[in-house]
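Colleague: upload-v7.cif is the file, holding mmCIF, C-alpha atoms and all ligand atoms; chains and numbers go by the auth columns:
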data_final
#
loop_
_atom_site.group_PDB
_atom_site.id
_atom_site.type_symbol
_atom_site.label_atom_id
_atom_site.label_comp_id
_atom_site.label_asym_id
_atom_site.label_seq_id
_atom_site.Cartn_x
_atom_site.Cartn_y
_atom_site.Cartn_z
_atom_site.B_iso_or_equiv
_atom_site.auth_seq_id
_atom_site.auth_asym_id
ATOM 1 C CA MET A 1 8.590 -21.293 127.907 0.00 1 A
ATOM 2 C CA VAL A 2 9.981 -24.707 128.841 0.00 2 A
ATOM 3 C CA LEU A 3 9.260 -26.771 131.937 0.00 3 A
ATOM 4 C CA ALA A 4 11.906 -29.113 133.293 0.00 4 A
ATOM 5 C CA LEU A 5 11.099 -32.586 132.112 0.00 5 A
ATOM 6 C CA PRO A 6 12.821 -35.454 133.867 0.00 6 A
ATOM 7 C CA LYS A 7 15.249 -36.909 131.333 0.00 7 A
ATOM 8 C CA LYS A 8 18.023 -39.417 131.745 0.00 8 A
ATOM 9 C CA ARG A 9 19.325 -39.790 135.292 0.00 9 A
ATOM 10 C CA ASP A 10 21.763 -36.947 135.679 0.00 10 A
ATOM 11 C CA ILE A 11 24.726 -36.453 137.963 0.00 11 A
ATOM 12 C CA TYR A 12 22.619 -34.955 140.799 0.00 12 A
ATOM 13 C CA THR A 13 20.067 -37.774 140.706 0.00 13 A
ATOM 14 C CA LYS A 14 22.877 -40.311 141.053 0.00 14 A
ATOM 15 C CA LYS A 15 24.590 -38.229 143.736 0.00 15 A
ATOM 16 C CA ALA A 16 21.344 -37.981 145.739 0.00 16 A
ATOM 17 C CA LYS A 17 20.915 -41.746 145.624 0.00 17 A
ATOM 18 C CA SER A 18 24.482 -42.451 146.697 0.00 18 A
ATOM 19 C CA GLU A 19 24.500 -39.810 149.458 0.00 19 A
ATOM 20 C CA GLY A 20 21.101 -40.801 150.882 0.00 20 A
ATOM 21 C CA TYR A 21 19.102 -37.735 149.859 0.00 21 A
ATOM 22 C CA ARG A 22 15.496 -38.227 148.856 0.00 22 A
ATOM 23 C CA SER A 23 15.668 -35.997 145.761 0.00 23 A
ATOM 24 C CA ARG A 24 18.063 -34.175 143.438 0.00 24 A
ATOM 25 C CA ALA A 25 16.279 -30.992 144.645 0.00 25 A
ATOM 26 C CA ALA A 26 18.317 -31.350 147.848 0.00 26 A
ATOM 27 C CA TYR A 27 21.347 -29.962 146.003 0.00 27 A
ATOM 28 C CA LYS A 28 19.427 -26.863 144.930 0.00 28 A
ATOM 29 C CA LEU A 29 18.870 -25.976 148.580 0.00 29 A
ATOM 30 C CA LEU A 30 22.455 -26.873 149.431 0.00 30 A
ATOM 31 C CA GLN A 31 23.653 -24.430 146.764 0.00 31 A
ATOM 32 C CA ILE A 32 21.219 -21.768 147.988 0.00 32 A
ATOM 33 C CA ASP A 33 22.533 -22.195 151.526 0.00 33 A
ATOM 34 C CA LYS A 34 26.170 -22.056 150.448 0.00 34 A
ATOM 35 C CA LYS A 35 25.450 -18.730 148.742 0.00 35 A
ATOM 36 C CA PHE A 36 23.034 -17.082 151.207 0.00 36 A
ATOM 37 C CA LYS A 37 23.859 -18.864 154.517 0.00 37 A
ATOM 38 C CA ILE A 38 20.259 -19.240 155.590 0.00 38 A
ATOM 39 C CA PHE A 39 20.754 -22.051 158.120 0.00 39 A
ATOM 40 C CA GLN A 40 22.252 -20.814 161.355 0.00 40 A
ATOM 41 C CA GLY A 41 21.488 -23.290 164.101 0.00 41 A
ATOM 42 C CA GLU A 42 18.441 -23.082 166.326 0.00 42 A
ATOM 43 C CA GLN A 43 15.824 -22.029 163.826 0.00 43 A
ATOM 44 C CA THR A 44 12.400 -23.356 162.919 0.00 44 A
ATOM 45 C CA VAL A 45 12.130 -24.543 159.342 0.00 45 A
ATOM 46 C CA ILE A 46 8.736 -25.000 157.695 0.00 46 A
ATOM 47 C CA ASP A 47 9.316 -26.938 154.488 0.00 47 A
ATOM 48 C CA LEU A 48 6.160 -26.384 152.423 0.00 48 A
ATOM 49 C CA CYS A 49 5.583 -28.771 149.500 0.00 49 A
ATOM 50 C CA GLY A 50 8.550 -30.694 150.848 0.00 50 A
ATOM 51 C CA ALA A 51 7.927 -34.277 149.626 0.00 51 A
ATOM 52 C CA PRO A 52 9.823 -36.498 149.257 0.00 52 A
ATOM 53 C CA GLY A 53 12.057 -34.636 151.713 0.00 53 A
ATOM 54 C CA GLY A 54 15.373 -33.586 150.133 0.00 54 A
ATOM 55 C CA PHE A 55 15.072 -29.953 151.299 0.00 55 A
ATOM 56 C CA SER A 56 14.304 -31.051 154.878 0.00 56 A
ATOM 57 C CA GLN A 57 17.319 -33.368 154.902 0.00 57 A
ATOM 58 C CA ILE A 58 19.564 -30.470 153.827 0.00 58 A
ATOM 59 C CA ALA A 59 18.009 -28.150 156.443 0.00 59 A
ATOM 60 C CA ARG A 60 18.682 -30.813 159.083 0.00 60 A
ATOM 61 C CA ASP A 61 22.279 -31.401 157.980 0.00 61 A
ATOM 62 C CA ARG A 62 23.234 -27.744 157.405 0.00 62 A
ATOM 63 C CA SER A 63 21.863 -26.753 160.817 0.00 63 A
ATOM 64 C CA HIS A 64 23.814 -29.633 162.392 0.00 64 A
ATOM 65 C CA GLY A 65 20.590 -31.049 163.806 0.00 65 A
ATOM 66 C CA LYS A 66 19.816 -27.862 165.796 0.00 66 A
ATOM 67 C CA ALA A 67 16.832 -26.701 163.727 0.00 67 A
ATOM 68 C CA ARG A 68 13.276 -27.887 164.307 0.00 68 A
ATOM 69 C CA ILE A 69 11.961 -28.986 160.951 0.00 69 A
ATOM 70 C CA PHE A 70 8.310 -29.277 159.896 0.00 70 A
ATOM 71 C CA LEU A 71 7.747 -30.962 156.563 0.00 71 A
ATOM 72 C CA VAL A 72 4.412 -30.297 154.871 0.00 72 A
ATOM 73 C CA ASP A 73 3.027 -31.805 151.666 0.00 73 A
ATOM 74 C CA ILE A 74 -0.217 -32.904 150.132 0.00 74 A
ATOM 75 C CA ALA A 75 1.455 -36.249 149.390 0.00 75 A
ATOM 76 C CA ARG A 76 2.292 -38.940 151.936 0.00 76 A
ATOM 77 C CA ILE A 77 5.885 -38.784 153.136 0.00 77 A
ATOM 78 C CA LYS A 78 7.872 -41.642 154.569 0.00 78 A
ATOM 79 C CA PRO A 79 9.414 -40.785 157.964 0.00 79 A
ATOM 80 C CA ILE A 80 12.836 -39.112 157.880 0.00 80 A
ATOM 81 C CA PRO A 81 15.223 -39.305 160.854 0.00 81 A
ATOM 82 C CA ASN A 82 15.518 -36.115 162.937 0.00 82 A
ATOM 83 C CA ILE A 83 12.684 -34.233 161.279 0.00 83 A
ATOM 84 C CA THR A 84 10.461 -32.745 163.996 0.00 84 A
ATOM 85 C CA ASP A 85 7.093 -33.375 162.343 0.00 85 A
ATOM 86 C CA ILE A 86 5.595 -34.418 159.037 0.00 86 A
ATOM 87 C CA ILE A 87 2.238 -32.880 158.194 0.00 87 A
ATOM 88 C CA LYS A 88 0.105 -34.212 155.364 0.00 88 A
ATOM 89 C CA GLY A 89 -1.969 -31.346 154.025 0.00 89 A
ATOM 90 C CA ASP A 90 -2.788 -28.961 151.223 0.00 90 A
ATOM 91 C CA ILE A 91 -1.041 -25.631 151.845 0.00 91 A
ATOM 92 C CA THR A 92 -3.949 -23.732 150.265 0.00 92 A
ATOM 93 C CA LYS A 93 -6.291 -24.961 153.044 0.00 93 A
ATOM 94 C CA PRO A 94 -6.626 -23.060 156.361 0.00 94 A
ATOM 95 C CA SER A 95 -6.819 -26.409 158.178 0.00 95 A
ATOM 96 C CA THR A 96 -3.215 -27.131 157.115 0.00 96 A
ATOM 97 C CA ILE A 97 -1.983 -23.776 158.451 0.00 97 A
ATOM 98 C CA LEU A 98 -3.741 -24.539 161.715 0.00 98 A
ATOM 99 C CA GLN A 99 -2.040 -27.957 161.854 0.00 99 A
ATOM 100 C CA ILE A 100 1.367 -26.320 161.304 0.00 100 A
ATOM 101 C CA GLN A 101 0.666 -23.754 164.012 0.00 101 A
ATOM 102 C CA GLN A 102 -0.430 -26.422 166.482 0.00 102 A
ATOM 103 C CA SER A 103 2.628 -28.541 165.723 0.00 103 A
ATOM 104 C CA LEU A 104 4.983 -25.568 166.188 0.00 104 A
ATOM 105 C CA GLU A 105 3.387 -24.869 169.564 0.00 105 A
ATOM 106 C CA LYS A 106 3.428 -28.523 170.585 0.00 106 A
ATOM 107 C CA HIS A 107 7.147 -28.772 169.840 0.00 107 A
ATOM 108 C CA GLY A 108 7.996 -25.395 171.411 0.00 108 A
ATOM 109 C CA ALA A 109 9.233 -24.106 168.071 0.00 109 A
ATOM 110 C CA ASP A 110 7.079 -21.003 167.726 0.00 110 A
ATOM 111 C CA ASP A 111 9.521 -18.578 169.385 0.00 111 A
ATOM 112 C CA ASN A 112 12.522 -19.351 167.165 0.00 112 A
ATOM 113 C CA ASP A 113 13.378 -17.465 163.999 0.00 113 A
ATOM 114 C CA ILE A 114 11.349 -19.096 161.249 0.00 114 A
ATOM 115 C CA ILE A 115 12.514 -20.041 157.763 0.00 115 A
ATOM 116 C CA ILE A 116 9.885 -20.971 155.200 0.00 116 A
ATOM 117 C CA LEU A 117 10.936 -23.058 152.227 0.00 117 A
ATOM 118 C CA ALA A 118 8.496 -23.480 149.350 0.00 118 A
ATOM 119 C CA ASP A 119 9.594 -25.711 146.501 0.00 119 A
ATOM 120 C CA CYS A 120 6.026 -26.017 145.252 0.00 120 A
ATOM 121 C CA SER A 121 5.123 -27.449 141.858 0.00 121 A
ATOM 122 C CA PRO A 122 1.601 -28.240 140.742 0.00 122 A
ATOM 123 C CA ASP A 123 0.828 -31.437 138.851 0.00 123 A
ATOM 124 C CA VAL A 124 2.268 -30.281 135.558 0.00 124 A
ATOM 125 C CA SER A 125 -0.266 -30.488 132.704 0.00 125 A
ATOM 126 C CA GLY A 126 2.121 -29.491 129.923 0.00 126 A
ATOM 127 C CA HIS A 127 -0.007 -26.424 129.154 0.00 127 A
ATOM 128 C CA TRP A 128 2.373 -23.603 130.041 0.00 128 A
ATOM 129 C CA THR A 129 -0.146 -20.857 130.892 0.00 129 A
ATOM 130 C CA THR A 130 -2.048 -23.169 133.242 0.00 130 A
ATOM 131 C CA ASP A 131 1.060 -24.615 134.891 0.00 131 A
ATOM 132 C CA HIS A 132 2.598 -21.172 135.345 0.00 132 A
ATOM 133 C CA ALA A 133 -0.586 -19.749 136.910 0.00 133 A
ATOM 134 C CA ARG A 134 -0.947 -22.736 139.273 0.00 134 A
ATOM 135 C CA GLN A 135 2.678 -22.532 140.347 0.00 135 A
ATOM 136 C CA ILE A 136 2.466 -18.788 140.962 0.00 136 A
ATOM 137 C CA TRP A 137 -0.661 -19.417 143.039 0.00 137 A
ATOM 138 C CA LEU A 138 1.235 -21.926 145.201 0.00 138 A
ATOM 139 C CA ALA A 139 4.214 -19.541 145.608 0.00 139 A
ATOM 140 C CA GLU A 140 1.860 -16.697 146.513 0.00 140 A
ATOM 141 C CA THR A 141 0.076 -18.935 149.023 0.00 141 A
ATOM 142 C CA ALA A 142 3.480 -19.735 150.550 0.00 142 A
ATOM 143 C CA LEU A 143 4.203 -15.990 150.780 0.00 143 A
ATOM 144 C CA GLY A 144 0.917 -15.557 152.659 0.00 144 A
ATOM 145 C CA ILE A 145 1.980 -18.318 155.068 0.00 145 A
ATOM 146 C CA SER A 146 5.361 -16.615 155.522 0.00 146 A
ATOM 147 C CA ASN A 147 3.623 -13.379 156.413 0.00 147 A
ATOM 148 C CA TYR A 148 1.291 -15.190 158.774 0.00 148 A
ATOM 149 C CA PHE A 149 4.194 -16.759 160.691 0.00 149 A
ATOM 150 C CA LEU A 150 6.393 -13.660 160.195 0.00 150 A
ATOM 151 C CA ALA A 151 9.102 -15.891 158.796 0.00 151 A
ATOM 152 C CA LYS A 152 12.466 -14.150 158.907 0.00 152 A
ATOM 153 C CA ILE A 153 13.565 -15.925 155.741 0.00 153 A
ATOM 154 C CA PHE A 154 11.376 -17.017 152.841 0.00 154 A
ATOM 155 C CA VAL A 155 12.737 -19.133 149.999 0.00 155 A
ATOM 156 C CA THR A 156 10.406 -19.969 147.147 0.00 156 A
ATOM 157 C CA LYS A 157 10.589 -21.555 143.750 0.00 157 A
ATOM 158 C CA VAL A 158 8.921 -19.586 140.962 0.00 158 A
ATOM 159 C CA PHE A 159 8.240 -20.541 137.351 0.00 159 A
ATOM 160 C CA GLN A 160 9.308 -17.442 135.425 0.00 160 A
ATOM 161 C CA GLY A 161 6.615 -16.174 133.103 0.00 161 A
ATOM 162 C CA GLU A 162 4.143 -13.377 132.676 0.00 162 A
ATOM 163 C CA GLN A 163 3.080 -13.344 136.351 0.00 163 A
ATOM 164 C CA TYR A 164 6.625 -13.534 137.741 0.00 164 A
ATOM 165 C CA GLN A 165 7.258 -9.789 138.076 0.00 165 A
ATOM 166 C CA GLU A 166 3.977 -9.206 139.890 0.00 166 A
ATOM 167 C CA LEU A 167 4.811 -11.931 142.429 0.00 167 A
ATOM 168 C CA LEU A 168 8.321 -10.525 142.865 0.00 168 A
ATOM 169 C CA GLU A 169 6.831 -7.118 143.708 0.00 169 A
ATOM 170 C CA LYS A 170 4.554 -8.746 146.306 0.00 170 A
ATOM 171 C CA ILE A 171 7.551 -10.463 147.905 0.00 171 A
ATOM 172 C CA LYS A 172 9.417 -7.126 147.910 0.00 172 A
ATOM 173 C CA GLY A 173 6.389 -5.618 149.639 0.00 173 A
ATOM 174 C CA SER A 174 6.852 -8.097 152.505 0.00 174 A
ATOM 175 C CA TYR A 175 10.644 -8.520 152.712 0.00 175 A
ATOM 176 C CA GLN A 176 13.519 -6.079 152.965 0.00 176 A
ATOM 177 C CA GLU A 177 16.085 -7.994 150.904 0.00 177 A
ATOM 178 C CA VAL A 178 14.971 -10.012 147.903 0.00 178 A
ATOM 179 C CA LYS A 179 17.309 -11.902 145.575 0.00 179 A
ATOM 180 C CA ALA A 180 16.668 -14.209 142.619 0.00 180 A
ATOM 181 C CA TYR A 181 19.031 -17.149 142.148 0.00 181 A
ATOM 182 C CA LYS A 182 19.144 -20.145 139.840 0.00 182 A
ATOM 183 C CA PRO A 183 21.208 -22.852 141.534 0.00 183 A
ATOM 184 C CA PRO A 184 23.475 -24.869 139.212 0.00 184 A
ATOM 185 C CA THR A 185 21.411 -28.010 139.959 0.00 185 A
ATOM 186 C CA SER A 186 18.381 -26.373 138.345 0.00 186 A
ATOM 187 C CA ARG A 187 18.259 -27.452 134.725 0.00 187 A
ATOM 188 C CA LYS A 188 19.169 -24.638 132.328 0.00 188 A
ATOM 189 C CA LYS A 189 16.075 -25.237 130.212 0.00 189 A
ATOM 190 C CA SER A 190 13.767 -25.085 133.230 0.00 190 A
ATOM 191 C CA ALA A 191 11.735 -21.934 133.796 0.00 191 A
ATOM 192 C CA GLU A 192 12.249 -22.239 137.546 0.00 192 A
ATOM 193 C CA ILE A 193 14.201 -19.776 139.637 0.00 193 A
ATOM 194 C CA TYR A 194 14.427 -19.376 143.427 0.00 194 A
ATOM 195 C CA ILE A 195 13.649 -16.203 145.331 0.00 195 A
ATOM 196 C CA ILE A 196 15.479 -15.701 148.601 0.00 196 A
ATOM 197 C CA ALA A 197 13.766 -13.089 150.786 0.00 197 A
ATOM 198 C CA ILE A 198 15.237 -11.901 154.082 0.00 198 A
ATOM 199 C CA SER A 199 13.789 -9.823 156.953 0.00 199 A
ATOM 200 C CA ASN A 200 10.039 -9.696 157.024 0.00 200 A
ATOM 201 C CA LYS A 201 8.912 -6.062 157.058 0.00 201 A
ATOM 202 C CA ASN A 202 6.095 -6.875 159.493 0.00 202 A
ATOM 203 C CA LYS A 203 8.554 -8.216 162.059 0.00 203 A
ATOM 204 C CA SER A 204 7.625 -5.583 164.623 0.00 204 A
ATOM 205 C CA SER A 205 4.032 -6.787 164.831 0.00 205 A
ATOM 206 C CA LYS A 206 2.887 -9.835 166.775 0.00 206 A
ATOM 207 C CA ARG A 207 3.912 -13.104 165.113 0.00 207 A
ATOM 208 C CA TYR A 208 0.388 -14.333 164.633 0.00 208 A
ATOM 209 C CA ASN A 209 -2.904 -14.011 166.329 0.00 209 A
ATOM 210 C CA ARG A 210 -4.600 -17.319 166.973 0.00 210 A
ATOM 211 C CA LEU A 211 -8.002 -15.655 166.887 0.00 211 A
ATOM 212 C CA HIS A 212 -7.449 -14.542 163.303 0.00 212 A
ATOM 213 C CA LEU A 213 -7.240 -18.053 161.976 0.00 213 A
ATOM 214 C CA VAL A 214 -10.808 -19.231 161.624 0.00 214 A
ATOM 215 C CA GLU A 215 -11.247 -22.849 160.716 0.00 215 A
ATOM 216 C CA SER A 216 -13.673 -22.879 157.798 0.00 216 A
ATOM 217 C CA GLU A 217 -13.952 -26.560 157.014 0.00 217 A
HETATM 218 C C1 LIG B . 9.354 -30.409 143.392 0.00 1 B
HETATM 219 S S1 LIG B . 8.448 -31.270 144.617 0.00 1 B
HETATM 220 C C2 LIG B . 9.306 -30.781 146.085 0.00 1 B
HETATM 221 C C3 LIG B . 10.642 -31.451 146.252 0.00 1 B
HETATM 222 C C4 LIG B . 11.218 -31.240 147.644 0.00 1 B
HETATM 223 N N1 LIG B . 11.599 -29.851 147.852 0.00 1 B
HETATM 224 C C5 LIG B . 12.416 -32.093 147.908 0.00 1 B
HETATM 225 O O1 LIG B . 13.486 -31.535 148.173 0.00 1 B
HETATM 226 O O2 LIG B . 12.318 -33.318 147.912 0.00 1 B
HETATM 227 C C6 LIG B . 6.962 -30.327 144.674 0.00 1 B
HETATM 228 C C7 LIG B . 5.958 -30.787 145.720 0.00 1 B
HETATM 229 O O3 LIG B . 4.870 -29.860 145.761 0.00 1 B
HETATM 230 C C8 LIG B . 3.798 -30.576 146.354 0.00 1 B
HETATM 231 N N2 LIG B . 2.534 -29.827 146.270 0.00 1 B
HETATM 232 C C9 LIG B . 1.905 -29.388 145.148 0.00 1 B
HETATM 233 N N3 LIG B . 0.768 -28.749 145.466 0.00 1 B
HETATM 234 C C10 LIG B . 0.673 -28.770 146.835 0.00 1 B
HETATM 235 C C11 LIG B . -0.280 -28.262 147.762 0.00 1 B
HETATM 236 N N4 LIG B . -1.380 -27.590 147.358 0.00 1 B
HETATM 237 N N5 LIG B . -0.068 -28.454 149.091 0.00 1 B
HETATM 238 C C12 LIG B . 1.029 -29.131 149.513 0.00 1 B
HETATM 239 N N6 LIG B . 1.954 -29.641 148.673 0.00 1 B
HETATM 240 C C13 LIG B . 1.801 -29.466 147.357 0.00 1 B
HETATM 241 C C14 LIG B . 3.808 -31.870 145.554 0.00 1 B
HETATM 242 O O4 LIG B . 3.078 -32.890 146.197 0.00 1 B
HETATM 243 C C15 LIG B . 5.313 -32.153 145.455 0.00 1 B
HETATM 244 O O5 LIG B . 5.718 -33.061 146.438 0.00 1 B
#
Could you render the structure from this file as structure tokens?
Ligand SMILES: C[S@@+](CC[C@H](N)C(=O)[O-])C[C@H]1O[C@@H](n2cnc3c(N)ncnc32)[C@H](O)[C@@H]1O
Modeller:
Amino acid sequence: MVLALPKKRDIYTKKAKSEGYRSRAAYKLLQIDKKFKIFQGEQTVIDLCGAPGGFSQIARDRSHGKARIFLVDIARIKPIPNITDIIKGDITKPSTILQIQQSLEKHGADDNDIIILADCSPDVSGHWTTDHARQIWLAETALGISNYFLAKIFVTKVFQGEQYQELLEKIKGSYQEVKAYKPPTSRKKSAEIYIIAISNKNKSSKRYNRLHLVESE
């Protein structure tokens, strides 16, 4: 199994620089949106593992500035115009989920339809089994967050490998429509693929119950 290694600056890296996008990843989300039409105006977008911000910039532009966008990453992120909030935190920590929830409430964004984006990659060690397991863990954590917020749409990156099918089944357990798509920007040699999941099956229940989130730190 091969991980995408940054090589010479390719067409999308140059394009991102000239068009003012923070990363070449921006074009992956653009291609996903052109195919699945996920951005439809007044939605709330939670961009997990979103640094340096290319996905959030696309969400902002494709929703014509109507979406509220919450960018979350363990790394520091430089401010981006017209992004509702930037949250520095580890998505595997309950304190980060609480911060997201509080920010959504503060900005009156908790009643909109929610889209969760998760372009999560661990620090790649080069040891495939370890990197695959860590990435699956991040994607599965993002699925848990999507279920917590009853996100209508969940888009996650997954490194395909031995644990891929099991994760796919878990996503199918939570969402009615589940599609796998490799955008043209994703390098052919890369093991990554994106899962686009629509209509949370738990939609009829309450979005989230504040009392269920116990701060443990
Ligand atoms: C491929 S980059 C995301 C690129 C981004 N979608 C964009 O368009 O610019 C993967 C990100 O995952 C973040 N990440 C990895 N583990 C994380 C964690 N536990 N919590 C939050 N972010 C994490 C990394 O810091 C990194 O910024």
Colleague: Write as a PyMOL selection string the residues around ligand LIG 1 (chain B), taking 8 Å as the cut-off and counting all atoms listed in the file.
Modeller: chain A and resi 22-26+29+47-57+72-75+88-93+118-123+138
Colleague: Record the distance separating CA of Ile198 (chain A) and CA of Lys157 (chain A), expressed in Å with one decimal.
Modeller: 14.9 Å
Colleague: What's the 9 Å shell around Phe149 (chain A), counting all atoms listed in the file, without same-chain residues fewer than 3 positions away, as a list in words?
Modeller: Gln101, Asp110, Ile114, Ile116, Gly144, Ile145, Ser146, Lys152, Arg207 and Tyr208 of chain A
Colleague: I want to know what sits within 12 Å of Ile136 (chain A), based on all atoms listed in the file, with residues of the same chain fewer than 3 positions away left out; could you give that as a PyMOL selection string?
Modeller: chain A and resi 118-122+128-133+139-143+156-168+170-171+192-193
Colleague: Ranking A:Ala16, A:Ile69, A:Ile195, A:Leu104 by minimum distance to Asn82 (chain A) and counting all atoms listed in the file, which one comes first?
Modeller: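 Answer, going by the shortest atom-to-atom distance: A:Ile69.
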Colleague: Quick one, how far is CA of Glu42 (chain A) from CA of Ser63 (chain A)?
Modeller: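 So the two atoms, CA of Glu42 (chain A) and CA of Ser63 (chain A), lie 7.5 Å apart.
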